[in-house]
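Engineer: Here you go, target23.txt (compact mmCIF, C-alpha atoms):
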# COMPACT_ATOMS: atom_id res chain seq x y z
CA MET A 112 -26.31 7.01 43.67
CA ALA A 113 -22.75 6.53 42.38
CA ALA A 114 -20.67 9.65 41.85
CA THR A 115 -18.92 8.89 38.57
CA ILE A 116 -20.10 7.53 35.26
CA GLY A 117 -17.74 4.56 35.51
CA GLU A 118 -19.30 3.52 38.82
CA GLN A 119 -22.81 4.02 37.43
CA LEU A 120 -22.06 1.83 34.42
CA ARG A 121 -20.50 -0.86 36.62
CA LEU A 122 -23.58 -0.86 38.90
CA ALA A 123 -25.89 -1.11 35.85
CA ARG A 124 -23.86 -4.04 34.53
CA GLU A 125 -23.83 -5.85 37.86
CA GLY A 126 -27.56 -5.17 38.34
CA ARG A 127 -28.29 -7.02 35.10
CA GLY A 128 -25.78 -9.78 35.88
CA ILE A 129 -23.77 -9.19 32.72
CA PRO A 130 -20.13 -10.30 32.86
CA LEU A 131 -17.53 -7.88 31.53
CA ARG A 132 -16.31 -10.54 29.05
CA GLU A 133 -19.75 -10.61 27.38
CA ILE A 134 -19.71 -6.84 26.87
CA SER A 135 -16.21 -7.11 25.43
CA ASP A 136 -17.24 -9.86 23.02
CA GLN A 137 -20.39 -8.08 21.83
CA THR A 138 -19.04 -4.54 21.56
CA ARG A 139 -15.54 -5.52 20.38
CA ILE A 140 -14.07 -3.28 23.07
CA SER A 141 -11.02 -4.65 24.86
CA MET A 142 -11.48 -5.88 28.44
CA HIS A 143 -8.62 -3.57 29.36
CA TYR A 144 -10.61 -0.55 28.12
CA LEU A 145 -13.84 -1.64 29.82
CA GLU A 146 -12.03 -2.02 33.14
CA ALA A 147 -10.55 1.46 32.64
CA ILE A 148 -14.04 2.91 32.08
CA GLU A 149 -15.37 1.29 35.25
CA SER A 150 -12.43 2.58 37.29
CA ASN A 151 -12.58 6.05 35.65
CA ASP A 152 -9.01 5.69 34.46
CA TYR A 153 -9.52 7.22 31.03
CA ARG A 154 -5.79 7.69 30.44
CA ARG A 155 -5.65 3.98 29.56
CA LEU A 156 -8.11 4.52 26.70
CA PRO A 157 -6.96 5.61 23.23
CA GLY A 158 -8.42 9.10 23.64
CA GLY A 159 -10.50 11.50 21.60
CA ILE A 160 -13.72 10.33 20.05
CA PHE A 161 -12.87 6.70 20.88
CA ASN A 162 -13.41 7.28 24.58
CA ARG A 163 -16.88 8.70 24.01
CA SER A 164 -17.74 5.87 21.63
CA PHE A 165 -16.59 3.25 24.14
CA VAL A 166 -18.63 4.81 26.94
CA LYS A 167 -21.67 5.05 24.66
CA ALA A 168 -21.39 1.42 23.48
CA TYR A 169 -20.92 0.19 27.06
CA ALA A 170 -23.98 2.15 28.21
CA ARG A 171 -26.10 0.88 25.32
CA TYR A 172 -25.22 -2.74 26.05
CA VAL A 173 -26.03 -2.57 29.77
CA GLY A 174 -29.26 -0.62 29.14
CA TYR A 175 -28.05 2.71 30.51
CA ASP A 176 -29.02 5.99 28.82
CA GLU A 177 -26.31 6.62 26.22
CA LYS A 178 -26.67 10.40 26.20
CA GLU A 179 -26.48 10.58 29.97
CA ALA A 180 -23.41 8.34 29.96
CA VAL A 181 -21.57 10.54 27.44
CA GLU A 182 -22.56 13.69 29.35
CA GLY A 183 -21.35 12.08 32.59
CA TYR A 184 -18.05 11.18 30.93
CA THR A 185 -17.64 14.74 29.60
CA ARG A 186 -18.50 16.21 32.99
CA TYR A 187 -16.02 13.89 34.75
CA MET A 188 -13.25 14.82 32.30
CA ARG A 189 -13.96 18.54 32.72
CA ASP A 190 -13.98 18.23 36.53
CA SER A 191 -10.70 16.33 36.49
CA GLY A 192 -9.09 19.19 34.54
CA ASP A 193 -8.82 17.54 31.13
CA PRO A 194 -10.54 19.88 28.67
CA GLY A 195 -8.77 18.18 25.73
CA GLU A 196 -11.83 16.02 25.13
CA ASP A 197 -14.05 18.98 24.19
CA VAL A 198 -14.77 19.53 20.54
CA VAL A 199 -12.84 22.42 19.09
CA THR A 200 -15.25 25.20 18.18
CA THR A 201 -12.81 27.72 16.77
CA PRO A 202 -12.53 27.51 13.00
CA TYR A 203 -9.25 26.44 11.50
CA HIS A 204 -7.94 28.67 8.75
CA SER A 205 -5.53 26.89 6.48
CA LYS A 206 -2.99 28.73 4.44
CA VAL A 207 -3.81 28.81 0.79
CA TYR A 208 -0.63 28.76 -1.19
CA THR A 209 -2.23 30.12 -4.34
CA ASP A 210 -2.67 33.54 -2.70
CA VAL A 211 1.04 34.22 -3.16
CA PRO A 212 1.83 35.83 -6.53
CA ALA A 213 3.83 33.73 -8.95
CA THR A 214 7.56 34.38 -8.79
CA ARG A 215 8.20 33.07 -12.31
CA SER A 216 6.88 34.65 -15.45
CA PRO A 217 4.41 32.67 -17.56
CA VAL A 218 6.67 33.04 -20.60
CA LEU A 219 9.49 31.29 -18.76
CA THR A 220 7.10 28.49 -17.76
CA VAL A 221 6.07 27.97 -21.41
CA VAL A 222 9.70 27.97 -22.58
CA LEU A 223 10.64 25.41 -19.92
CA ALA A 224 7.71 23.21 -20.93
CA ILE A 225 8.80 23.34 -24.59
CA VAL A 226 12.40 22.47 -23.68
CA ILE A 227 11.28 19.54 -21.57
CA LEU A 228 9.02 18.26 -24.36
CA ALA A 229 11.88 18.59 -26.88
CA ILE A 230 14.20 16.56 -24.63
CA LEU A 231 11.57 13.86 -24.17
CA THR A 232 10.91 13.72 -27.93
CA ALA A 233 14.63 13.46 -28.73
CA ALA A 234 14.99 10.65 -26.19
CA ALA A 235 12.04 8.77 -27.70
CA LEU A 236 13.43 9.14 -31.24
CA GLY A 237 16.86 7.98 -30.06
CA MET A 238 15.35 4.89 -28.49
CA LEU A 239 13.43 4.17 -31.70
CA ARG A 240 16.57 4.46 -33.86
CA TRP A 241 18.53 2.27 -31.47
CA ALA A 242 15.81 -0.41 -31.63
CA GLN A 243 15.77 -0.25 -35.47
CA ARG A 244 19.56 -0.59 -35.71
CA ARG A 245 19.55 -3.48 -33.31
CA SER A 246 16.87 -5.35 -35.25
CA ALA A 247 18.75 -4.65 -38.52
CA ASN A 248 21.96 -6.11 -37.03
CA VAL A 249 20.12 -9.18 -35.82
CA ASN A 250 18.56 -9.69 -39.29
CA HIS A 251 21.97 -9.24 -40.98
CA GLN A 252 23.60 -11.76 -38.63
CA SER A 253 20.86 -14.33 -39.19
CA THR A 254 21.13 -13.87 -42.98
CA SER A 255 24.92 -14.31 -42.84
CA ALA A 256 24.53 -17.46 -40.76
CA ALA A 257 22.05 -18.88 -43.28
CA MET A 258 24.44 -18.16 -46.16
CA ARG A 259 27.32 -19.83 -44.35
CA SER A 260 25.26 -22.95 -43.66
CA ARG A 261 24.24 -23.09 -47.35
CA ARG A 262 27.92 -22.91 -48.42
CA ILE A 263 28.84 -25.69 -46.04
CA SER A 264 26.13 -27.96 -47.41
CA VAL A 265 27.29 -27.33 -51.00
CA HIS A 266 30.90 -28.10 -50.11
CA SER A 267 30.04 -31.27 -48.24
CA SER A 268 28.29 -32.77 -51.27
CA ILE A 269 31.58 -33.01 -53.21
CA VAL A 270 32.95 -36.56 -52.97
CA THR A 271 36.61 -36.89 -52.16
CA PRO A 272 38.65 -40.01 -51.58
CA ALA A 273 38.94 -39.08 -47.90
CA VAL A 274 35.18 -38.88 -47.61
CA VAL A 275 34.71 -42.15 -49.38
CA ALA A 276 37.37 -43.83 -47.27
CA SER A 277 35.81 -42.66 -44.07
CA ASP A 278 32.36 -43.77 -45.23
CA PHE A 279 33.19 -47.22 -46.58
CA GLY A 280 36.28 -48.25 -44.71
CA LYS A 281 39.66 -49.25 -46.18
CA ALA A 282 38.56 -52.57 -47.55
CA ASP A 283 35.68 -51.06 -49.41
CA TYR A 284 37.90 -48.31 -50.74
CA ALA A 285 40.25 -50.82 -52.30
CA SER A 286 37.39 -52.61 -54.03
CA PHE A 287 35.90 -49.27 -55.09
CA GLN A 288 39.05 -48.28 -56.96
CA GLN A 289 39.05 -51.44 -59.08
Would you mind writing the structure in this file as structure tokens?
Structural biologist:
Amino acid sequence: MAATIGEQLRLAREGRGIPLREISDQTRISMHYLEAIESNDYRRLPGGIFNRSFVKAYARYVGYDEKEAVEGYTRYMRDSGDPGEDVVTTPYHSKVYTDVPATRSPVLTVVLAIVILAILTAAALGMLRWAQRRSANVNHQSTSAAMRSRRISVHSSIVTPAVVASDFGKADYASFQQ
């Protein structure tokens, strides 16, 4: 019997006549990683839970006992001196930042909140006034332009000899005066 799990998986694959490419296509595991598993070169794999998952998927596809394959992988890693693959069993205690007493008084926090709200309100009112003034200026300018165009149309309706001359020509002007 083969000594390592990689050799056992390779023998199981060859015994069934399954090419490595087929396993790669069906399990979506790179050929590079499958070759690393067969040669027990687990440093070429991504590490952590991925290695176990790759070994398990490989074993499942070639009809090898998945649990035995993962145990063989774990045993091989432990024997080779790489205990980093073991699951951490010590609990992790995170620091809770709310355990530290507040350094600022609640009154100061309320005062700061009120000041910030007052600044935001003043800014909003200023923007509103600016928008109102701008629209008033635009309305005033459009009204002035309308008044100017009305004056021009009134003035252009007055008939002068120059207007008549330009409209009728010199010959017509002479006959018009008679």
Engineer: Tell me, in Å to one decimal, how far CA of Asn151 (chain A) is from CA of Ala114 (chain A).
Structural biologist: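 Computed distance, CA of Asn151 (chain A) to CA of Ala114 (chain A), equals 10.8 Å.
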Engineer: Of the candidates A:Val173, A:Met142, A:Val222, A:Ala234, which one gets nearest to Gly128 (chain A) if we count only C-alpha atoms?
Structural biologist: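 With only C-alpha atoms as the atom set, the closest residue is A:Val173.
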Engineer: Report, in Å to a single decimal, how far apart CA of Ala233 (chain A) and CA of Ser246 (chain A) are.
Structural biologist: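 Rounded to one decimal, the two atoms are 20.0 Å apart.
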Engineer: Go through A:Ile140, A:Ala224, A:Ile134, A:Ala147 and flag the residue nearest Phe165 (chain A), using all atoms listed in the file for the distances.
Structural biologist: A:Ile140
Engineer: If we count all atoms listed in the file, what is near Arg132 (chain A) at a cut-off of 12 Å, once residues fewer than 5 positions away on the same chain are taken out, given as number ranges by chain?
Structural biologist: A: 124, 137-146, 169
Engineer: In Å, how far is it from CA of Gly159 (chain A) to CA of Gly174 (chain A)?
Structural biologist: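 Going from CA of Gly159 (chain A) over to CA of Gly174 (chain A), I get 23.6 Å.
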Engineer: Of the candidates A:Ile148, A:Val226, A:Leu219, A:Val181, which shows the shortest atom-to-atom distance to Ile160 (chain A), using all atoms listed in the file?
Structural biologist: A:Val181
Engineer: I'd like the neighbourhood of Asp152 (chain A) as a list in words, where a residue qualifies if any of its atoms comes within 12 Å (using only C-alpha atoms), though same-chain residues fewer than 2 positions away should be ignored.
Structural biologist: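 Counting only the stated atoms, we get Thr115, Ile116, Gly117, Glu118, His143, Tyr144, Leu145, Glu146, Ala147, Ile148, Glu149, Ser150, Arg154, Arg155, Leu156, Pro157, Gly158, Asn162, Tyr184, Tyr187, Met188 and Ser191 of chain A.
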Engineer: Could the residues in this selection be saved with C-alpha atoms as a PDB file, in the frame of the given file?
Structural biologist:
ATOM      1  CA  THR A 115     -18.920   8.890  38.570  1.00  0.00           C
ATOM      2  CA  ILE A 116     -20.100   7.530  35.260  1.00  0.00           C
ATOM      3  CA  GLY A 117     -17.740   4.560  35.510  1.00  0.00           C
ATOM      4  CA  GLU A 118     -19.300   3.520  38.820  1.00  0.00           C
ATOM      5  CA  HIS A 143      -8.620  -3.570  29.360  1.00  0.00           C
ATOM      6  CA  TYR A 144     -10.610  -0.550  28.120  1.00  0.00           C
ATOM      7  CA  LEU A 145     -13.840  -1.640  29.820  1.00  0.00           C
ATOM      8  CA  GLU A 146     -12.030  -2.020  33.140  1.00  0.00           C
ATOM      9  CA  ALA A 147     -10.550   1.460  32.640  1.00  0.00           C
ATOM     10  CA  ILE A 148     -14.040   2.910  32.080  1.00  0.00           C
ATOM     11  CA  GLU A 149     -15.370   1.290  35.250  1.00  0.00           C
ATOM     12  CA  SER A 150     -12.430   2.580  37.290  1.00  0.00           C
ATOM     13  CA  ARG A 154      -5.790   7.690  30.440  1.00  0.00           C
ATOM     14  CA  ARG A 155      -5.650   3.980  29.560  1.00  0.00           C
ATOM     15  CA  LEU A 156      -8.110   4.520  26.700  1.00  0.00           C
ATOM     16  CA  PRO A 157      -6.960   5.610  23.230  1.00  0.00           C
ATOM     17  CA  GLY A 158      -8.420   9.100  23.640  1.00  0.00           C
ATOM     18  CA  ASN A 162     -13.410   7.280  24.580  1.00  0.00           C
ATOM     19  CA  TYR A 184     -18.050  11.180  30.930  1.00  0.00           C
ATOM     20  CA  TYR A 187     -16.020  13.890  34.750  1.00  0.00           C
ATOM     21  CA  MET A 188     -13.250  14.820  32.300  1.00  0.00           C
ATOM     22  CA  SER A 191     -10.700  16.330  36.490  1.00  0.00           C
TER      23      SER A 191
END
Engineer: Counting only C-alpha atoms, what is within 12 Å of Asp176 (chain A), bar same-chain residues fewer than 3 positions away, as a list in words?
Structural biologist: Ile116, Gln119, Leu120, Ala123, Val166, Lys167, Ala168, Tyr169, Ala170, Arg171, Tyr172, Val173, Glu179, Ala180, Val181, Glu182 and Gly183 of chain A
